[in-house]
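File shown: start31.cif (mmCIF, C-alpha atoms and all ligand atoms).
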```
data_run
loop_
_atom_site.label_atom_id
_atom_site.label_comp_id
_atom_site.auth_asym_id
_atom_site.auth_seq_id
_atom_site.Cartn_x
_atom_site.Cartn_y
_atom_site.Cartn_z
CA MET A 1 -36.22 0.82 -24.86
CA THR A 2 -34.34 1.31 -21.59
CA PRO A 3 -30.59 1.62 -21.97
CA GLU A 4 -28.62 -1.40 -20.92
CA SER A 5 -27.12 -1.13 -17.42
CA LEU A 6 -23.45 -0.44 -16.96
CA SER A 7 -23.11 -3.71 -15.02
CA ALA A 8 -24.50 -5.71 -17.95
CA ARG A 9 -22.08 -4.06 -20.39
CA ASP A 10 -19.25 -4.52 -17.90
CA ALA A 11 -20.07 -8.23 -17.56
CA ARG A 12 -19.51 -8.70 -21.29
CA CYS A 13 -16.15 -6.98 -21.69
CA ILE A 14 -14.31 -6.42 -18.39
CA TRP A 15 -12.10 -8.65 -16.28
CA HIS A 16 -11.76 -7.18 -12.77
CA PRO A 17 -8.77 -7.46 -10.41
CA TYR A 18 -8.88 -9.91 -7.52
CA THR A 19 -12.39 -10.96 -8.52
CA GLN A 20 -13.87 -14.44 -8.91
CA HIS A 21 -16.31 -13.75 -11.73
CA GLY A 22 -17.86 -17.20 -11.29
CA ILE A 23 -19.52 -16.27 -8.03
CA GLU A 24 -19.07 -12.65 -7.07
CA ALA A 25 -21.80 -10.06 -7.08
CA GLU A 26 -21.81 -7.61 -9.95
CA PRO A 27 -19.54 -4.59 -9.44
CA LEU A 28 -20.80 -1.32 -8.03
CA ALA A 29 -21.50 1.13 -10.84
CA VAL A 30 -19.87 4.32 -9.58
CA ARG A 31 -20.85 7.56 -11.26
CA ALA A 32 -19.03 10.14 -9.20
CA ALA A 33 -17.17 10.74 -5.96
CA ALA A 34 -16.78 13.73 -3.69
CA GLY A 35 -15.14 13.97 -0.28
CA SER A 36 -15.75 10.73 1.60
CA GLU A 37 -18.59 9.55 -0.62
CA LEU A 38 -19.02 7.53 -3.77
CA GLU A 39 -22.19 8.11 -5.78
CA LEU A 40 -23.62 5.10 -7.61
CA GLU A 41 -25.49 5.09 -10.89
CA ASP A 42 -28.73 4.19 -9.13
CA GLY A 43 -28.37 7.21 -6.87
CA ARG A 44 -27.16 5.40 -3.75
CA ARG A 45 -24.28 6.93 -1.82
CA LEU A 46 -21.54 4.94 -0.15
CA LEU A 47 -19.13 6.11 2.50
CA ASP A 48 -15.63 5.19 1.31
CA ALA A 49 -14.27 3.62 4.50
CA ILE A 50 -11.24 2.06 2.78
CA ALA A 51 -10.03 5.10 0.82
CA SER A 52 -10.58 3.31 -2.50
CA TRP A 53 -7.89 0.68 -1.94
CA TRP A 54 -5.82 2.74 0.49
CA THR A 55 -5.14 5.58 -1.91
CA CYS A 56 -7.58 8.42 -1.23
CA LEU A 57 -5.88 10.56 1.39
CA HIS A 58 -7.77 13.85 1.65
CA GLY A 59 -11.10 12.83 0.14
CA HIS A 60 -12.28 12.47 -3.44
CA GLY A 61 -12.09 15.36 -5.85
CA HIS A 62 -10.31 17.77 -3.51
CA PRO A 63 -10.42 21.14 -5.31
CA LYS A 64 -6.71 21.80 -4.77
CA LEU A 65 -5.71 18.48 -6.28
CA VAL A 66 -8.11 18.94 -9.17
CA ALA A 67 -6.71 22.43 -9.82
CA ALA A 68 -3.11 21.17 -9.75
CA LEU A 69 -4.03 18.37 -12.13
CA ALA A 70 -5.80 20.66 -14.61
CA HIS A 71 -3.05 23.27 -14.50
CA GLN A 72 -0.31 20.72 -15.11
CA ALA A 73 -2.27 19.02 -17.91
CA ARG A 74 -2.43 22.35 -19.71
CA THR A 75 1.23 23.19 -19.08
CA LEU A 76 3.06 19.92 -19.73
CA ASP A 77 1.11 16.68 -19.93
CA HIS A 78 3.94 14.24 -20.42
CA VAL A 79 7.46 13.93 -21.65
CA LEU A 80 9.84 11.00 -21.64
CA PHE A 81 12.06 10.98 -18.54
CA ALA A 82 15.23 9.51 -20.07
CA GLY A 83 17.35 12.45 -21.14
CA ALA A 84 14.69 14.99 -20.12
CA THR A 85 13.46 16.51 -16.87
CA HIS A 86 10.78 18.90 -15.63
CA GLU A 87 9.92 21.10 -12.67
CA PRO A 88 7.22 18.91 -11.06
CA ALA A 89 9.52 15.84 -10.96
CA VAL A 90 12.45 17.74 -9.47
CA GLN A 91 10.34 19.65 -7.00
CA LEU A 92 8.56 16.49 -5.87
CA ALA A 93 11.86 14.67 -5.40
CA GLU A 94 13.22 17.58 -3.33
CA ARG A 95 10.07 17.56 -1.23
CA LEU A 96 9.97 13.80 -0.70
CA LEU A 97 13.62 13.69 0.31
CA ALA A 98 13.06 16.52 2.79
CA LEU A 99 10.14 14.65 4.36
CA ALA A 100 11.55 11.10 4.28
CA PRO A 101 13.85 9.69 6.96
CA ALA A 102 17.28 11.35 6.83
CA GLY A 103 19.91 9.74 4.61
CA LEU A 104 17.79 9.11 1.52
CA THR A 105 19.04 11.28 -1.34
CA ARG A 106 17.77 9.80 -4.63
CA VAL A 107 14.32 9.29 -6.10
CA PHE A 108 13.53 6.78 -8.85
CA TYR A 109 9.99 7.18 -10.16
CA SER A 110 7.66 4.44 -11.37
CA ASP A 111 3.91 3.82 -11.59
CA ASP A 112 2.56 1.68 -8.77
CA GLY A 113 3.40 -0.24 -5.65
CA SER A 114 4.56 -3.35 -7.46
CA THR A 115 6.99 -1.47 -9.67
CA THR A 116 8.48 0.44 -6.74
CA VAL A 117 9.29 -2.93 -5.17
CA GLU A 118 10.69 -4.30 -8.45
CA VAL A 119 12.97 -1.28 -8.65
CA ALA A 120 14.18 -1.75 -5.07
CA LEU A 121 14.89 -5.48 -5.60
CA LYS A 122 16.78 -4.87 -8.82
CA MET A 123 18.74 -1.91 -7.46
CA ALA A 124 19.66 -3.77 -4.28
CA TYR A 125 21.02 -6.79 -6.08
CA LEU A 126 22.82 -4.84 -8.80
CA ALA A 127 24.38 -2.53 -6.21
CA HIS A 128 25.89 -5.65 -4.61
CA VAL A 129 27.07 -6.86 -8.02
CA HIS A 130 28.72 -3.53 -8.73
CA GLY A 131 30.22 -3.62 -5.25
CA GLY A 132 31.86 -6.97 -6.03
CA ALA A 133 29.38 -9.23 -4.20
CA PRO A 134 27.34 -11.02 -6.91
CA GLU A 135 26.90 -13.95 -4.51
CA ARG A 136 24.36 -11.92 -2.53
CA THR A 137 21.38 -13.50 -4.27
CA VAL A 138 19.14 -14.18 -1.27
CA PHE A 139 16.22 -11.97 -0.33
CA LEU A 140 14.66 -12.31 3.10
CA ALA A 141 10.98 -11.46 3.44
CA LEU A 142 8.38 -11.82 6.15
CA GLU A 143 5.65 -14.39 6.51
CA GLU A 144 2.33 -13.02 5.26
CA ALA A 145 4.14 -10.26 3.36
CA TYR A 146 2.47 -8.67 0.36
CA HIS A 147 4.54 -6.56 -2.02
CA GLY A 148 2.51 -6.55 -5.25
CA ASP A 149 1.62 -8.72 -8.21
CA THR A 150 4.49 -8.50 -10.72
CA PHE A 151 6.91 -11.42 -10.72
CA GLY A 152 9.58 -9.98 -8.44
CA ALA A 153 6.99 -8.56 -6.08
CA MET A 154 5.14 -11.90 -6.05
CA ALA A 155 8.39 -13.73 -5.27
CA VAL A 156 9.01 -11.67 -2.14
CA GLY A 157 5.35 -11.84 -1.11
CA ASP A 158 4.06 -14.81 0.83
CA PRO A 159 2.82 -17.32 -1.79
CA VAL A 160 -0.20 -18.16 0.37
CA PRO A 161 -2.98 -17.55 -0.54
CA PHE A 162 -2.42 -16.01 -3.99
CA PHE A 163 0.74 -17.03 -5.76
CA GLU A 164 1.43 -20.70 -4.98
CA PRO A 165 0.52 -21.97 -8.48
CA LEU A 166 3.07 -19.58 -9.97
CA ALA A 167 5.88 -20.96 -7.82
CA PRO A 168 7.83 -22.40 -10.80
CA PHE A 169 8.48 -18.84 -11.98
CA LEU A 170 9.27 -17.16 -8.67
CA PHE A 171 12.85 -16.82 -7.47
CA GLU A 172 13.62 -18.31 -4.11
CA VAL A 173 13.12 -16.15 -1.07
CA GLN A 174 13.87 -17.00 2.55
CA ARG A 175 10.71 -16.39 4.52
CA VAL A 176 10.90 -15.51 8.19
CA PRO A 177 8.27 -14.86 10.85
CA VAL A 178 8.00 -11.36 12.28
CA ASP A 179 10.44 -12.15 15.04
CA ALA A 180 13.86 -10.70 15.83
CA GLY A 181 15.43 -14.05 16.72
CA ALA A 182 14.15 -15.72 13.56
CA LEU A 183 15.46 -12.87 11.44
CA ASP A 184 18.90 -13.10 13.08
CA ALA A 185 18.96 -16.85 12.54
CA ALA A 186 18.07 -16.52 8.85
CA LEU A 187 20.69 -13.83 8.31
CA ALA A 188 23.29 -15.99 10.06
CA GLU A 189 22.32 -19.06 8.05
CA HIS A 190 22.78 -17.16 4.79
CA ALA A 191 25.69 -15.02 5.98
CA GLY A 192 27.38 -13.14 3.16
CA ARG A 193 24.63 -14.11 0.70
CA VAL A 194 21.74 -11.83 1.63
CA ALA A 195 20.98 -9.00 -0.78
CA ALA A 196 18.21 -7.36 1.25
CA VAL A 197 15.55 -7.80 3.90
CA LEU A 198 12.04 -6.57 3.06
CA VAL A 199 9.55 -5.27 5.58
CA GLU A 200 6.19 -3.56 5.52
CA PRO A 201 7.03 -1.50 8.60
CA LEU A 202 4.54 -1.59 11.51
CA VAL A 203 1.54 -2.81 9.52
CA GLN A 204 1.34 -5.72 7.09
CA GLY A 205 -1.63 -4.50 5.09
CA ALA A 206 -2.88 -7.24 2.78
CA ALA A 207 -2.09 -9.84 5.45
CA GLY A 208 -5.08 -8.45 7.34
CA MET A 209 -3.70 -5.25 8.90
CA ARG A 210 -1.27 -7.22 11.08
CA PHE A 211 0.69 -4.95 13.45
CA HIS A 212 4.17 -5.35 14.82
CA ALA A 213 6.22 -3.20 17.17
CA PRO A 214 8.63 -0.45 16.09
CA ALA A 215 11.28 -2.43 17.99
CA PHE A 216 11.12 -5.15 15.33
CA VAL A 217 11.74 -2.64 12.55
CA ARG A 218 14.63 -1.19 14.55
CA HIS A 219 16.03 -4.67 15.04
CA ALA A 220 15.74 -5.42 11.33
CA ARG A 221 17.72 -2.26 10.56
CA ALA A 222 20.51 -3.21 12.97
CA ALA A 223 20.57 -6.80 11.72
CA CYS A 224 20.86 -5.64 8.09
CA ASP A 225 23.77 -3.39 9.04
CA ALA A 226 25.49 -6.22 10.90
CA HIS A 227 25.19 -8.52 7.87
CA GLY A 228 25.89 -6.06 5.05
CA ALA A 229 22.36 -6.51 3.67
CA TYR A 230 20.14 -3.70 2.45
CA MET A 231 16.85 -2.97 4.14
CA ILE A 232 13.85 -2.37 1.90
CA ALA A 233 10.89 -0.68 3.59
CA ASP A 234 7.70 -1.15 1.61
CA GLU A 235 5.62 1.83 2.74
CA VAL A 236 3.27 1.60 -0.23
CA MET A 237 0.33 1.34 2.18
CA THR A 238 1.78 2.79 5.41
CA GLY A 239 3.22 5.96 3.84
CA PHE A 240 1.67 9.41 4.12
CA GLY A 241 0.29 9.29 7.60
CA ARG A 242 -1.61 6.03 7.73
CA THR A 243 0.13 4.75 10.85
CA GLY A 244 0.30 7.93 12.94
CA THR A 245 3.48 9.41 11.48
CA LEU A 246 4.21 10.50 7.94
CA PHE A 247 6.19 7.29 7.38
CA ALA A 248 6.03 4.22 9.61
CA CYS A 249 9.84 4.02 9.72
CA GLU A 250 9.85 7.24 11.76
CA GLN A 251 8.32 5.40 14.72
CA ALA A 252 11.26 3.04 14.69
CA GLY A 253 13.68 5.94 14.28
CA ILE A 254 15.39 4.30 11.31
CA THR A 255 16.23 5.02 7.70
CA PRO A 256 15.88 2.09 5.30
CA ASP A 257 18.17 1.77 2.28
CA PHE A 258 15.13 1.72 0.01
CA LEU A 259 11.79 3.34 0.75
CA CYS A 260 8.93 2.28 -1.53
CA ILE A 261 5.98 4.65 -1.79
CA ALA A 262 2.90 4.66 -4.01
CA LYS A 263 -0.80 4.39 -3.10
CA ALA A 264 -1.46 7.73 -1.32
CA LEU A 265 1.42 9.60 -3.00
CA THR A 266 -0.93 11.56 -5.27
CA GLY A 267 -3.71 11.58 -2.70
CA GLY A 268 -5.31 8.73 -4.64
CA THR A 269 -5.80 10.69 -7.83
CA VAL A 270 -3.43 9.34 -10.45
CA ALA A 271 -0.93 6.48 -10.62
CA LEU A 272 2.55 7.43 -9.46
CA ALA A 273 5.16 5.72 -7.32
CA ALA A 274 8.73 6.18 -6.22
CA THR A 275 11.64 4.27 -4.75
CA LEU A 276 13.90 6.41 -2.57
CA THR A 277 17.44 5.33 -1.87
CA ARG A 278 20.83 6.43 -0.56
CA GLU A 279 23.67 8.13 -2.38
CA ALA A 280 25.94 5.08 -1.99
CA VAL A 281 23.47 2.95 -3.97
CA TYR A 282 23.28 5.58 -6.71
CA GLU A 283 27.06 5.84 -6.79
CA ALA A 284 27.45 2.08 -7.19
CA PHE A 285 26.02 2.47 -10.70
CA LEU A 286 28.17 5.46 -11.72
CA SER A 287 30.73 4.51 -14.32
CA SER A 288 32.25 5.47 -17.63
CA ASP A 289 30.88 2.12 -18.80
CA ARG A 290 27.40 2.76 -20.22
CA SER A 291 26.26 -0.80 -19.67
CA ARG A 292 26.53 -0.34 -15.90
CA PHE A 293 23.50 1.96 -15.73
CA PHE A 294 20.30 0.90 -14.00
CA PRO A 295 18.42 -0.99 -16.71
CA HIS A 296 14.91 -0.01 -15.79
CA GLY A 297 12.31 2.58 -16.74
CA HIS A 298 8.59 2.74 -17.41
CA THR A 299 7.02 4.67 -20.25
CA MET A 300 5.13 7.01 -17.94
CA THR A 301 7.99 7.48 -15.44
CA ALA A 302 7.64 10.75 -13.49
CA ASN A 303 4.51 11.77 -15.37
CA PRO A 304 4.29 15.55 -14.80
CA ILE A 305 0.57 15.48 -13.98
CA GLY A 306 1.15 12.83 -11.33
CA CYS A 307 4.09 14.75 -9.87
CA ALA A 308 2.10 18.01 -9.76
CA VAL A 309 -0.81 16.34 -7.98
CA ALA A 310 1.56 14.66 -5.53
CA LEU A 311 3.06 18.07 -4.72
CA ALA A 312 -0.40 19.50 -4.13
CA SER A 313 -1.24 16.50 -1.93
CA LEU A 314 1.91 16.98 0.16
CA ALA A 315 1.10 20.67 0.59
CA LEU A 316 -2.41 19.77 1.79
CA LEU A 317 -0.99 17.17 4.12
CA GLU A 318 0.84 19.94 5.95
CA GLU A 319 -1.84 22.64 5.70
CA GLU A 320 -4.58 20.38 6.98
CA ASP A 321 -2.48 18.47 9.48
CA THR A 322 -3.54 15.25 7.80
CA VAL A 323 -1.41 12.94 9.93
CA ALA A 324 -3.03 14.18 13.15
CA ARG A 325 -6.47 14.06 11.54
CA LEU A 326 -6.06 10.44 10.46
CA ASN A 327 -4.91 9.58 13.95
CA ALA A 328 -7.98 11.22 15.50
CA ILE A 329 -10.23 9.44 13.00
CA GLY A 330 -8.66 6.08 13.83
CA GLN A 331 -9.02 6.71 17.55
CA ARG A 332 -12.66 7.70 17.24
CA ILE A 333 -13.62 4.66 15.15
CA HIS A 334 -11.70 2.42 17.52
CA ALA A 335 -13.37 3.94 20.58
CA GLY A 336 -16.79 3.46 18.96
CA LEU A 337 -16.01 -0.19 18.36
CA VAL A 338 -14.71 -0.75 21.87
CA GLU A 339 -17.91 0.72 23.23
CA ARG A 340 -20.13 -1.42 21.01
CA LEU A 341 -18.22 -4.67 21.08
CA ASP A 342 -16.51 -4.84 24.45
CA GLY A 343 -16.46 -8.44 25.68
CA GLU A 344 -18.10 -9.73 22.50
CA ARG A 345 -16.84 -13.27 21.96
CA ARG A 346 -17.07 -13.11 18.18
CA VAL A 347 -14.32 -10.52 18.19
CA ARG A 348 -10.91 -12.10 18.32
CA ASP A 349 -8.93 -8.86 18.22
CA LEU A 350 -9.54 -5.15 17.82
CA ARG A 351 -6.63 -2.80 17.12
CA GLN A 352 -5.81 0.69 15.87
CA ARG A 353 -2.71 2.42 14.63
CA GLY A 354 -3.01 5.91 13.17
CA GLY A 355 -5.90 5.91 10.71
CA ILE A 356 -6.13 2.12 10.52
CA VAL A 357 -8.66 0.22 12.62
CA ALA A 358 -8.92 -3.56 12.29
CA LEU A 359 -11.29 -6.07 13.76
CA ASP A 360 -10.55 -9.82 13.56
CA LEU A 361 -13.72 -11.86 13.64
CA VAL A 362 -13.88 -15.45 14.79
CA PRO A 363 -14.69 -17.46 11.65
CA PRO A 364 -17.73 -19.76 11.67
CA ALA A 365 -17.20 -23.17 13.29
CA GLY A 366 -15.04 -25.48 11.20
CA GLU A 367 -13.62 -22.74 9.03
CA ALA A 368 -10.07 -21.44 8.98
CA PRO A 369 -9.45 -17.71 9.08
CA GLY A 370 -7.78 -16.13 6.05
CA TYR A 371 -8.32 -14.18 2.88
CA LEU A 372 -10.60 -16.78 1.30
CA ALA A 373 -12.93 -17.11 4.30
CA THR A 374 -16.52 -17.68 3.17
CA MET A 375 -17.79 -14.91 5.42
CA THR A 376 -15.98 -12.27 3.36
CA PRO A 377 -18.45 -11.70 0.48
CA ARG A 378 -21.33 -11.72 2.94
CA LEU A 379 -19.69 -9.05 5.09
CA ARG A 380 -18.91 -6.92 2.05
CA ALA A 381 -22.52 -7.07 0.84
CA ALA A 382 -23.88 -6.33 4.32
CA ALA A 383 -21.68 -3.22 4.57
CA ILE A 384 -22.84 -1.95 1.19
CA GLU A 385 -26.47 -2.50 2.17
CA ARG A 386 -25.73 -0.21 5.10
CA GLY A 387 -24.20 2.46 2.87
CA VAL A 388 -20.54 1.87 3.71
CA LEU A 389 -17.83 0.57 1.40
CA LEU A 390 -15.77 -1.98 3.30
CA ARG A 391 -13.72 -4.73 1.72
CA PRO A 392 -12.81 -7.22 4.44
CA LEU A 393 -9.55 -9.13 4.16
CA GLY A 394 -10.91 -12.59 4.93
CA ASN A 395 -12.18 -12.51 8.49
CA VAL A 396 -10.58 -9.12 9.13
CA LEU A 397 -12.87 -6.12 8.92
CA TYR A 398 -10.98 -2.88 8.74
CA ALA A 399 -11.40 0.83 8.15
CA LEU A 400 -8.74 2.99 6.49
CA PRO A 401 -10.67 6.11 5.52
CA PRO A 402 -9.70 9.45 3.98
CA ALA A 403 -8.79 12.36 6.29
CA CYS A 404 -11.90 14.41 5.46
CA LEU A 405 -14.13 12.15 7.57
CA THR A 406 -16.42 13.93 10.02
CA ASP A 407 -17.14 12.65 13.53
CA VAL A 408 -20.59 11.57 12.37
CA GLU A 409 -19.06 9.58 9.53
CA CYS A 410 -16.54 7.96 11.90
CA ASP A 411 -19.44 6.88 14.08
CA ARG A 412 -21.32 5.50 11.10
CA ILE A 413 -18.31 3.36 10.24
CA SER A 414 -17.95 2.00 13.76
CA THR A 415 -21.69 1.34 13.95
CA VAL A 416 -21.68 -0.60 10.69
CA MET A 417 -18.50 -2.52 11.55
CA ALA A 418 -20.05 -3.48 14.90
CA GLU A 419 -23.29 -4.59 13.22
CA LEU A 420 -21.29 -6.71 10.78
CA ALA A 421 -19.35 -8.29 13.62
CA LEU A 422 -22.62 -9.40 15.17
CA LEU A 423 -24.34 -10.67 12.00
CA ASP A 424 -25.77 -14.20 12.20
C1 LIG A 501 -0.81 -2.38 -2.54
C2 LIG A 501 0.56 -2.75 -2.12
C3 LIG A 501 1.56 -3.05 -3.05
C4 LIG A 501 1.27 -3.12 -4.53
O1 LIG A 501 0.87 -1.90 -5.04
P1 LIG A 501 0.14 -1.83 -6.48
O2 LIG A 501 -0.02 -0.38 -6.69
O3 LIG A 501 -1.14 -2.56 -6.30
O4 LIG A 501 1.03 -2.48 -7.46
C5 LIG A 501 2.83 -3.31 -2.60
N1 LIG A 501 3.11 -3.28 -1.29
C6 LIG A 501 2.20 -3.00 -0.35
C7 LIG A 501 2.59 -2.96 1.08
C8 LIG A 501 0.88 -2.73 -0.74
O5 LIG A 501 -0.04 -2.48 0.19
#
```

What would the structure in this file look like if it were written as structure tokens?
Amino acid sequence: MTPESLSARDARCIWHPYTQHGIEAEPLAVRAAAGSELELEDGRRLLDAIASWWTCLHGHGHPKLVAALAHQARTLDHVLFAGATHEPAVQLAERLLALAPAGLTRVFYSDDGSTTVEVALKMAYLAHVHGGAPERTVFLALEEAYHGDTFGAMAVGDPVPFFEPLAPFLFEVQRVPVDAGALDAALAEHAGRVAAVLVEPLVQGAAGMRFHAPAFVRHARAACDAHGAYMIADEVMTGFGRTGTLFACEQAGITPDFLCIAKALTGGTVALAATLTREAVYEAFLSSDRSRFFPHGHTMTANPIGCAVALASLALLEEEDTVARLNAIGQRIHAGLVERLDGERRVRDLRQRGGIVALDLVPPAGEAPGYLATMTPRLRAAAIERGVLLRPLGNVLYALPPACLTDVECDRISTVMAELALLD
């Protein structure tokens, strides 16, 4: 008797994220990963061109990260973080604050991108309450924004295409296009009532790797200052060198009031996230009244193993000049695509920023572009057939690979992306 396949067992007991089980192909059965490659149960190898959902920074199974993880697991696996502390958490906070834009002085740990946004939203509003401005109940967020899947994060995300049916449970958010004038107008309309403005600085990831100029981020900072609103920078995807600098905010030369980081924080190894903020926000909660504390905390907050791996990842980032490497990788993939697709009418736009390269394809006649485009599953399957893991966002094909990619692997990605762009 042959053993039942992993996919068959999976199909009976698992419910996958962002997956329509009624129609989608069975999941890839992944046995192992090393460097830029995933190894499947059937022996096939796939080049991980999307860093396993934008997390894998240096490559899979980097020996230094694995060593840090094993060492920390033996030393201190976990301890509650209310009323206790440990070296990896403190050291990581010191490191993050030294690397982040100047003016951020406090680190609040959580587990993933969504929770780092929840923390920022809650802190921002409560800081206004403690400052005597409970009427600041309005959040401003951008069109096409994505900030995660928990209720607060869904509320500030654009409801289209995912969250519209949940609208009865989402608090109201003023949505503005990525435009300085529109942002000013919305702030003026809600003058004195805005708690915070949220941005994914420079690149709106889930929207389809949409870029905007550093000038917009700079403008948002100035506008927040002028209106007494906080600025929340969601760098869950853009953080740790994805856009050409360690943090995207650096290119705008600004410091947000809240900096949300997650995905690549541990190099893509374990779940860990953090919300960084300013001393004034922290001080707004200081009181002899116990009830005025920040009422938030997750069971695994500041998990020591996660913190130790994040520290090892940050050390590697400097040793291996990861930011420059990602930039060179992005430029090479982009150049390969320009060479192969120049003048091709099926390509609506081709762009690169740091280690992110995106290609907007013209959807088939009669079809609107967007996340639910029918071409998406076809493109995904065609990439896998060619040995590359891509996961197009609707009609947007993109690469966001780990920093260990070789020139040959960069060229393989641009070749496959170009072939996909020209599929019938
Ligand atoms: C992925 C993402 C999130 C959500 O992170 P999770 O870890 O999936 O909860 C939030 N914001 C941005 C910009 C993201 O890319």

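Comparing A:Pro201, A:Gly61, A:Gly131, A:Pro168 by their smallest distance to ligand LIG 501 (chain A), the closest is A:Pro201 (using only C-alpha atoms and all ligand atoms).
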
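For ligand LIG 501 (chain A), the set of protein, DNA and RNA residues within 6 Å, based on all atoms listed in the file, reads Asp112, Gly113, Ser114, Tyr146, His147, Gly148, Glu200, Gly205, Asp234, Glu235, Val236 and Met237 of chain A.
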
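Straight-line separation from CA of Ala418 in chain A to CA of Phe211 in chain A: 20.8 Å.
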
Restricting the calculation to only C-alpha atoms: of A:Cys404, A:Ala358, A:Leu397, A:Arg175, which residue gets closest to Gly59 in chain A?
A:Cys404

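Across the structure, CA of Cys260 in chain A and CA of Leu400 in chain A are spaced 19.4 Å apart.
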
If we count all atoms listed in the file and set the cut-off at 10 Å, which residues sit around Glu135 in chain A, ignoring sequence neighbours fewer than 2 positions away in its own chain? Please answer as a PyMOL selection string.
chain A and resi 125+128-129+132-133+137-138+192-195

With all atoms listed in the file as the counted atoms, please give the residues lying no more than 12 Å from Ala262 in chain A, apart from itself and same-chain residues fewer than 6 positions off, as a PyMOL selection string.
chain A and resi 53-57+108-117+147-148+234-240+268-276+306-307+310

Quick one: everything within 8 Å of Ala328 in chain A, counting only C-alpha atoms, minus sequence neighbours fewer than 3 positions away in the same chain. Send it as a CSV table (one decimal) with C-alpha atoms, in the coordinates of the input.
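The resulting file, out_31.csv, is shown below:
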```csv
chain,number,residue,atom,x,y,z
A,324,ALA,CA,-3.0,14.2,13.2
A,325,ARG,CA,-6.5,14.1,11.5
A,331,GLN,CA,-9.0,6.7,17.6
A,332,ARG,CA,-12.7,7.7,17.2
A,354,GLY,CA,-3.0,5.9,13.2
A,355,GLY,CA,-5.9,5.9,10.7
```

Counting all atoms listed in the file, closest pick from A:Leu314, A:Pro27, A:Trp15, A:Ala188 relative to Ala98 in chain A is A:Leu314

Kindly complete range 170-174 of chain A to all heavy atoms; the output should be written as an mmCIF file, in the frame of the given file.
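Written file, selection-v7.cif:
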```cif
data_model
loop_
_atom_site.group_PDB
_atom_site.id
_atom_site.type_symbol
_atom_site.label_atom_id
_atom_site.label_comp_id
_atom_site.auth_asym_id
_atom_site.auth_seq_id
_atom_site.Cartn_x
_atom_site.Cartn_y
_atom_site.Cartn_z
ATOM 1 N N LEU A 170 8.889 -18.149 -9.692
ATOM 2 C CA LEU A 170 9.270 -17.160 -8.670
ATOM 3 C C LEU A 170 10.635 -17.513 -8.101
ATOM 4 O O LEU A 170 10.875 -18.659 -7.738
ATOM 5 C CB LEU A 170 8.220 -17.132 -7.561
ATOM 6 C CG LEU A 170 6.791 -16.841 -8.044
ATOM 7 C CD1 LEU A 170 5.813 -16.854 -6.873
ATOM 8 C CD2 LEU A 170 6.716 -15.508 -8.780
ATOM 9 N N PHE A 171 11.534 -16.515 -8.030
ATOM 10 C CA PHE A 171 12.850 -16.820 -7.470
ATOM 11 C C PHE A 171 12.725 -17.128 -5.983
ATOM 12 O O PHE A 171 11.753 -16.739 -5.331
ATOM 13 C CB PHE A 171 13.863 -15.704 -7.745
ATOM 14 C CG PHE A 171 13.475 -14.336 -7.268
ATOM 15 C CD1 PHE A 171 13.608 -13.976 -5.924
ATOM 16 C CD2 PHE A 171 13.004 -13.381 -8.170
ATOM 17 C CE1 PHE A 171 13.274 -12.706 -5.487
ATOM 18 C CE2 PHE A 171 12.664 -12.104 -7.734
ATOM 19 C CZ PHE A 171 12.790 -11.774 -6.399
ATOM 20 N N GLU A 172 13.727 -17.837 -5.480
ATOM 21 C CA GLU A 172 13.620 -18.310 -4.110
ATOM 22 C C GLU A 172 13.851 -17.180 -3.116
ATOM 23 O O GLU A 172 14.753 -16.364 -3.281
ATOM 24 C CB GLU A 172 14.642 -19.415 -3.888
ATOM 25 C CG GLU A 172 14.165 -20.405 -2.861
ATOM 26 C CD GLU A 172 15.165 -21.526 -2.672
ATOM 27 O OE1 GLU A 172 15.532 -22.162 -3.685
ATOM 28 O OE2 GLU A 172 15.574 -21.733 -1.523
ATOM 29 N N VAL A 173 13.032 -17.170 -2.098
ATOM 30 C CA VAL A 173 13.120 -16.150 -1.070
ATOM 31 C C VAL A 173 13.084 -16.853 0.282
ATOM 32 O O VAL A 173 12.338 -17.814 0.462
ATOM 33 C CB VAL A 173 11.931 -15.172 -1.211
ATOM 34 C CG1 VAL A 173 11.772 -14.297 0.018
ATOM 35 C CG2 VAL A 173 12.098 -14.305 -2.464
ATOM 36 N N GLN A 174 13.913 -16.422 1.210
ATOM 37 C CA GLN A 174 13.870 -17.000 2.550
ATOM 38 C C GLN A 174 12.803 -16.272 3.346
ATOM 39 O O GLN A 174 12.857 -15.057 3.491
ATOM 40 C CB GLN A 174 15.229 -16.859 3.255
ATOM 41 C CG GLN A 174 16.321 -17.666 2.601
ATOM 42 C CD GLN A 174 15.960 -19.143 2.467
ATOM 43 O OE1 GLN A 174 15.518 -19.770 3.432
ATOM 44 N NE2 GLN A 174 16.116 -19.688 1.267
#
```
